[in-house]
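Q: Data file query.cif (mmCIF, C-alpha atoms) is appended below.
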```cif
data_start
#
loop_
_atom_site.group_PDB
_atom_site.id
_atom_site.type_symbol
_atom_site.label_atom_id
_atom_site.label_comp_id
_atom_site.auth_asym_id
_atom_site.auth_seq_id
_atom_site.Cartn_x
_atom_site.Cartn_y
_atom_site.Cartn_z
ATOM 1 C CA MET G 207 6.305 -5.486 16.629
ATOM 2 C CA GLU G 208 5.571 -1.811 15.936
ATOM 3 C CA ASP G 209 9.276 -1.001 16.186
ATOM 4 C CA ALA G 210 10.089 -3.704 13.630
ATOM 5 C CA LEU G 211 7.422 -2.403 11.222
ATOM 6 C CA GLU G 212 8.598 1.184 11.677
ATOM 7 C CA PHE G 213 12.170 0.060 10.895
ATOM 8 C CA LEU G 214 11.030 -1.638 7.665
ATOM 9 C CA TYR G 215 8.753 1.179 6.476
ATOM 10 C CA SER G 216 11.281 3.893 7.219
ATOM 11 C CA ARG G 217 13.885 2.240 4.985
ATOM 12 C CA ARG G 218 12.788 3.662 1.641
ATOM 13 C CA ARG G 219 13.064 7.207 0.377
ATOM 14 C CA MET G 220 12.025 8.986 -2.790
ATOM 15 C CA ILE G 221 13.385 12.107 -4.430
ATOM 16 C CA VAL G 222 11.026 14.092 -6.684
ATOM 17 C CA ILE G 223 12.997 15.866 -9.411
ATOM 18 C CA ARG G 224 11.754 18.617 -11.734
ATOM 19 C CA GLY G 225 14.749 20.930 -12.195
ATOM 20 C CA GLU G 226 18.373 20.965 -13.281
ATOM 21 C CA ASN G 227 19.227 17.647 -11.618
ATOM 22 C CA LYS G 228 16.917 16.014 -14.154
ATOM 23 C CA ASP G 229 19.121 17.381 -16.954
ATOM 24 C CA LYS G 230 22.291 16.174 -15.211
ATOM 25 C CA LEU G 231 20.862 12.691 -14.705
ATOM 26 C CA GLU G 232 19.687 12.557 -18.323
ATOM 27 C CA GLU G 233 23.152 13.423 -19.644
ATOM 28 C CA LEU G 234 24.793 10.852 -17.382
ATOM 29 C CA THR G 235 22.263 8.201 -18.421
ATOM 30 C CA ARG G 236 22.627 9.045 -22.125
ATOM 31 C CA LYS G 237 26.408 8.548 -21.942
ATOM 32 C CA ARG G 238 25.939 5.176 -20.257
ATOM 33 C CA ALA G 239 23.266 4.117 -22.745
ATOM 34 C CA VAL G 240 25.369 5.098 -25.764
ATOM 35 C CA TYR G 241 28.271 3.105 -24.325
ATOM 36 C CA MET G 242 26.016 0.077 -23.845
ATOM 37 C CA GLY G 243 24.385 0.460 -27.264
ATOM 38 C CA THR G 244 27.692 0.647 -29.103
ATOM 39 C CA ARG G 245 29.306 -2.109 -27.042
ATOM 40 C CA ARG G 246 26.801 -4.736 -28.145
ATOM 41 C CA ASP G 247 24.064 -4.976 -30.722
ATOM 42 C CA MET G 248 21.014 -4.845 -28.466
ATOM 43 C CA ALA G 249 18.585 -4.742 -31.408
ATOM 44 C CA ALA G 250 19.759 -8.164 -32.637
ATOM 45 C CA GLY G 251 17.901 -9.999 -29.873
ATOM 46 C CA ALA G 252 14.723 -7.889 -30.022
ATOM 47 C CA HIS G 253 11.493 -9.705 -30.858
ATOM 48 C CA ILE G 254 9.758 -8.069 -33.831
ATOM 49 C CA GLU G 255 6.216 -9.265 -34.517
ATOM 50 C CA THR G 256 6.135 -9.554 -38.296
ATOM 51 C CA ASP G 257 7.021 -12.228 -40.817
ATOM 52 C CA ASP G 258 7.899 -9.645 -43.480
ATOM 53 C CA PRO G 259 11.732 -9.642 -43.771
ATOM 54 C CA GLU G 260 11.798 -6.053 -45.097
ATOM 55 C CA LYS G 261 9.772 -4.769 -42.120
ATOM 56 C CA GLN G 262 12.008 -6.725 -39.743
ATOM 57 C CA LYS G 263 15.117 -5.163 -41.319
ATOM 58 C CA ARG G 264 13.713 -1.611 -41.064
ATOM 59 C CA ALA G 265 12.598 -2.214 -37.465
ATOM 60 C CA ARG G 266 16.048 -3.539 -36.475
ATOM 61 C CA GLU G 267 17.757 -0.531 -38.101
ATOM 62 C CA ALA G 268 15.441 1.857 -36.224
ATOM 63 C CA LEU G 269 16.053 -0.003 -32.957
ATOM 64 C CA THR G 270 19.814 0.102 -33.504
ATOM 65 C CA ARG G 271 19.686 3.902 -33.969
ATOM 66 C CA PHE G 272 17.431 4.168 -30.901
ATOM 67 C CA TYR G 273 19.829 2.127 -28.757
ATOM 68 C CA ARG G 274 22.999 3.814 -30.033
ATOM 69 C CA THR G 275 21.691 7.309 -29.282
ATOM 70 C CA GLY G 276 20.649 6.345 -25.745
ATOM 71 C CA GLY G 277 16.955 6.909 -26.433
ATOM 72 C CA PHE G 278 15.875 3.654 -24.826
ATOM 73 C CA MET G 279 17.168 4.771 -21.410
ATOM 74 C CA THR G 280 16.521 8.512 -21.627
ATOM 75 C CA MET G 281 13.041 8.917 -23.088
ATOM 76 C CA GLY G 282 11.556 9.114 -19.577
ATOM 77 C CA PHE G 283 13.429 12.352 -18.906
ATOM 78 C CA ARG G 284 11.017 14.149 -21.278
ATOM 79 C CA ALA G 285 8.319 13.868 -18.601
ATOM 80 C CA PRO G 286 7.867 16.898 -16.327
ATOM 81 C CA VAL G 287 8.671 14.889 -13.188
ATOM 82 C CA ILE G 288 10.851 11.930 -12.332
ATOM 83 C CA ILE G 289 10.870 10.167 -9.001
ATOM 84 C CA VAL G 290 14.045 8.412 -7.871
ATOM 85 C CA MET G 291 13.449 5.543 -5.443
ATOM 86 C CA LEU G 292 16.013 4.701 -2.756
ATOM 87 C CA GLY G 293 16.147 1.622 -0.594
ATOM 88 C CA HIS G 294 18.098 1.184 2.625
ATOM 89 C CA LEU G 295 20.674 -1.557 2.270
ATOM 90 C CA GLY G 296 19.903 -2.746 5.809
ATOM 91 C CA GLY G 297 16.356 -3.664 4.769
ATOM 92 C CA ALA G 298 14.651 -5.405 1.882
ATOM 93 C CA ALA G 299 15.397 -2.699 -0.694
ATOM 94 C CA TRP G 300 14.962 -4.853 -3.809
ATOM 95 C CA GLU G 301 11.640 -6.248 -2.601
ATOM 96 C CA ASP G 302 10.137 -3.261 -0.806
ATOM 97 C CA VAL G 303 10.901 -0.474 -3.283
ATOM 98 C CA PRO G 304 9.519 -2.215 -6.423
ATOM 99 C CA ALA G 305 6.295 -3.025 -4.541
ATOM 100 C CA CYS G 306 6.032 0.648 -3.560
ATOM 101 C CA ILE G 307 6.674 1.724 -7.168
ATOM 102 C CA GLN G 308 3.996 -0.633 -8.487
ATOM 103 C CA ASN G 309 1.423 0.863 -6.125
ATOM 104 C CA MET G 310 2.446 4.395 -7.128
ATOM 105 C CA LEU G 311 2.175 3.539 -10.842
ATOM 106 C CA LEU G 312 -1.276 2.015 -10.369
ATOM 107 C CA GLU G 313 -2.458 5.119 -8.507
ATOM 108 C CA ALA G 314 -0.984 7.425 -11.173
ATOM 109 C CA HIS G 315 -2.727 5.407 -13.905
ATOM 110 C CA SER G 316 -6.040 5.689 -12.043
ATOM 111 C CA LEU G 317 -5.578 9.498 -12.168
ATOM 112 C CA GLY G 318 -4.986 9.430 -15.935
ATOM 113 C CA LEU G 319 -1.218 9.960 -15.682
ATOM 114 C CA GLY G 320 1.401 8.093 -17.663
ATOM 115 C CA CYS G 321 4.512 6.545 -16.108
ATOM 116 C CA CYS G 322 7.528 4.528 -17.148
ATOM 117 C CA TRP G 323 9.750 2.613 -14.723
ATOM 118 C CA TYR G 324 13.530 2.233 -15.176
ATOM 119 C CA PRO G 325 15.908 0.159 -13.037
ATOM 120 C CA VAL G 326 19.310 1.344 -11.866
ATOM 121 C CA GLU G 327 21.455 -1.775 -11.752
ATOM 122 C CA LEU G 328 22.948 -2.786 -8.435
ATOM 123 C CA GLY G 329 26.677 -2.219 -8.291
ATOM 124 C CA GLU G 330 26.863 -0.177 -11.472
ATOM 125 C CA ARG G 331 29.020 2.929 -11.459
ATOM 126 C CA MET G 332 26.015 4.932 -12.679
ATOM 127 C CA GLY G 333 24.208 4.356 -9.373
ATOM 128 C CA TYR G 334 27.089 5.968 -7.470
ATOM 129 C CA GLU G 335 27.170 8.878 -9.900
ATOM 130 C CA TRP G 336 23.418 9.407 -9.438
ATOM 131 C CA LYS G 337 23.939 9.421 -5.664
ATOM 132 C CA GLU G 338 26.589 12.112 -6.032
ATOM 133 C CA ILE G 339 24.335 14.349 -8.152
ATOM 134 C CA LEU G 340 21.393 13.899 -5.762
ATOM 135 C CA GLY G 341 23.438 14.303 -2.571
ATOM 136 C CA VAL G 342 22.575 10.843 -1.210
ATOM 137 C CA PRO G 343 24.887 10.276 1.782
ATOM 138 C CA GLY G 344 27.115 7.274 2.358
ATOM 139 C CA ILE G 345 28.207 4.462 0.124
ATOM 140 C CA ALA G 346 26.538 1.579 1.923
ATOM 141 C CA GLU G 347 23.430 3.118 3.478
ATOM 142 C CA TYR G 348 21.020 3.797 0.598
ATOM 143 C CA ALA G 349 20.990 2.399 -2.928
ATOM 144 C CA ILE G 350 19.215 3.920 -5.888
ATOM 145 C CA VAL G 351 16.971 1.031 -6.881
ATOM 146 C CA ALA G 352 14.960 2.563 -9.708
ATOM 147 C CA TRP G 353 13.341 5.706 -11.038
ATOM 148 C CA PHE G 354 10.190 6.463 -12.925
ATOM 149 C CA SER G 355 8.851 9.283 -15.025
ATOM 150 C CA ILE G 356 5.391 10.700 -14.509
ATOM 151 C CA GLY G 357 3.327 13.078 -16.626
ATOM 152 C CA TRP G 358 0.343 13.412 -18.909
ATOM 153 C CA PRO G 359 0.495 10.838 -21.731
ATOM 154 C CA ALA G 360 0.887 12.180 -25.274
ATOM 155 C CA GLU G 361 -1.468 9.514 -26.622
ATOM 156 C CA SER G 362 -4.022 6.991 -25.444
ATOM 157 C CA PRO G 363 -3.442 3.736 -27.311
ATOM 158 C CA ARG G 364 -5.963 0.947 -27.070
ATOM 159 C CA PRO G 365 -5.110 -1.714 -24.494
ATOM 160 C CA ARG G 366 -3.031 -4.542 -25.894
ATOM 161 C CA PRO G 367 -4.881 -7.837 -26.207
ATOM 162 C CA ARG G 368 -4.214 -10.266 -23.392
ATOM 163 C CA LYS G 369 -2.850 -13.716 -24.076
ATOM 164 C CA PRO G 370 -5.092 -16.646 -23.216
ATOM 165 C CA LEU G 371 -4.407 -17.936 -19.694
ATOM 166 C CA ASN G 372 -3.299 -21.337 -20.969
ATOM 167 C CA GLU G 373 -0.335 -19.614 -22.679
ATOM 168 C CA VAL G 374 0.942 -18.056 -19.452
ATOM 169 C CA VAL G 375 -0.427 -20.180 -16.586
ATOM 170 C CA TYR G 376 0.796 -23.734 -16.026
ATOM 171 C CA TRP G 377 -0.447 -26.269 -13.514
ATOM 172 C CA GLU G 378 1.868 -28.136 -11.186
ATOM 173 C CA LYS G 379 4.874 -27.978 -13.586
ATOM 174 C CA PHE G 380 6.211 -25.899 -16.469
ATOM 175 C CA GLY G 381 4.277 -26.404 -19.707
ATOM 176 C CA ASP G 382 1.322 -28.254 -18.154
ATOM 177 C CA THR G 383 -1.780 -26.460 -19.465
ATOM 178 C CA ARG G 384 -4.293 -29.242 -18.846
ATOM 179 C CA GLU G 385 -7.665 -28.473 -17.392
ATOM 180 C CA LEU G 386 -7.696 -29.323 -13.706
ATOM 181 C CA PRO G 387 -10.773 -30.300 -11.762
ATOM 182 C CA GLU G 388 -11.780 -27.819 -9.117
ATOM 183 C CA VAL G 389 -10.216 -28.759 -5.794
ATOM 184 C CA PRO G 390 -12.609 -28.317 -2.884
ATOM 185 C CA LEU G 391 -11.154 -26.536 0.112
ATOM 186 C CA THR G 392 -11.825 -29.360 2.524
ATOM 187 C CA GLY G 393 -9.779 -31.978 4.294
ATOM 188 C CA LYS G 394 -6.159 -31.007 4.697
ATOM 189 C CA TYR G 395 -6.799 -27.627 3.059
ATOM 190 C CA GLU G 396 -9.537 -26.670 5.485
ATOM 191 C CA LEU G 397 -8.617 -23.990 7.995
ATOM 192 C CA GLN G 398 -8.916 -25.319 11.535
ATOM 193 C CA LEU G 399 -9.585 -22.656 14.139
ATOM 194 C CA PRO G 400 -8.775 -23.476 17.745
ATOM 195 C CA GLU G 401 -11.672 -23.863 20.184
ATOM 196 C CA LYS G 402 -12.116 -20.967 22.609
#
```
Could I get this file's structure written as structure tokens?
A:
Amino acid sequence: MEDALEFLYSRRRMIVIRGENKDKLEELTRKRAVYMGTRRDMAAGAHIETDDPEKQKRAREALTRFYRTGGFMTMGFRAPVIIVMLGHLGGAAWEDVPACIQNMLLEAHSLGLGCCWYPVELGERMGYEWKEILGVPGIAEYAIVAWFSIGWPAESPRPRPRKPLNEVVYWEKFGDTRELPEVPLTGKYELQLPEK
């Protein structure tokens, strides 16, 4: 069992980047983002929370500029540190690495640091180009799953209000927000321990 756990835990790697490779990755990412932003109007599908048509128009124009300059994918490079997360393709890379990232982001937040997480799409050319810049060996051994920026936040906005649970939690099937009676943990739900 220990060998199996060691195999699973040894299948992720992280590269901490603070120097010139950060600039190279930013330029590569900006080119990709500009290509994506000019190829399709990404701002058209964005949800803008206002009923004022003039504010919606200005927000969409700002978003279009933001997308077409690559800002939506490169703003994290302004942080002093980025961490690139790798997963071994022989393991559970797309399950294990995001769970690891979430724990790292929670710990960073508890220390007063700010972070932003970015995916690197599976099979995209950009992932292979990142591997080349970072010296990641092999084509089919490790994949770059995601990266995140980490630094001191420039501002401390108030927490966003949470939606009521009945808007996000359904019971038994999609859309069912009814109040359910409390189910006692007895009968078939009761844990039966074997006699010693």
Q: Work out how far atom CA of G:Glu338 is from atom CA of G:Leu234, in Å to one decimal.
A: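 Straight-line distance from atom CA of G:Leu234 to atom CA of G:Glu338 works out to 11.6 Å.
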Q: Could you give me, as a VMD selection string, the residues within 8 Å of stretch 317-323 of chain G, counting all atoms listed in the file and dropping anything in the same chain fewer than 5 positions from it?
A: chain G and resid 282 311 352 to 359
Q: Could you tell me which of G:Arg271, G:Arg238, G:Arg266, G:Lys228 comes closest to G:Val287 if we count all atoms listed in the file?
A: G:Lys228
Q: Go through G:Ala349, G:Val222, G:Val374, G:Ala268 and flag the residue nearest G:Val326, using only C-alpha atoms for the distances.
A: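 Checking each candidate against G:Val326, we get G:Ala349 as the closest.
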Q: Taking into account all atoms listed in the file, which residue in the set G:Pro259, G:Arg264, G:Ile339, G:Glu313 is nearest to G:Asp229?
A: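 For G:Asp229, the nearest of the given residues is G:Ile339.
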Q: Hey, what's within 9 Å of G:Trp336 if we count all atoms listed in the file and toss same-chain stuff fewer than 6 positions away? As a list of chain:residue names, please?
A: G:Lys230, G:Leu231, G:Leu234, G:Val342, G:Ile350
Q: Any idea what the distance is between atom CA of G:Ser362 and atom CA of G:Glu260?
A: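 The value is 28.4 Å.
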Q: Record the distance separating atom CA of G:Val375 and atom CA of G:Ala314, expressed in Å with one decimal.
A: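 Calculated distance between atom CA of G:Val375 and atom CA of G:Ala314 is 28.1 Å.
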Q: At a cut-off of 10 Å, using all atoms listed in the file, what residues contact G:Thr256? Leave out same-chain residues fewer than 5 positions from it and give the result as a VMD selection string.
A: chain G and resid 261 to 262 265
Q: Apply the PyMOL selection byres ((chain G and resi 218) around 12) to the file shown and report the selected residues as a PyMOL selection string.
A: chain G and resi 212-217+219-221+290-307+347-352
Q: Give the answer as one residue: which of G:Leu371, G:Ile289, G:Pro343, G:Gly333 has the shortest atom-to-atom distance to G:Arg384, using all atoms listed in the file?
A: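 Using all atoms listed in the file, G:Arg384 sits closest to G:Leu371.
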Q: Using all atoms of stretch 350-368 of chain G listed in the file and a margin of 8 Å per side, can you give the axis-aligned box centre and edge lengths in Å to one decimal, as AutoDock Vina command-line options?
A:
```
--center_x 6.6 --center_y 1.6 --center_z -16.6 --size_x 41.2 --size_y 39.7 --size_z 37.4
```
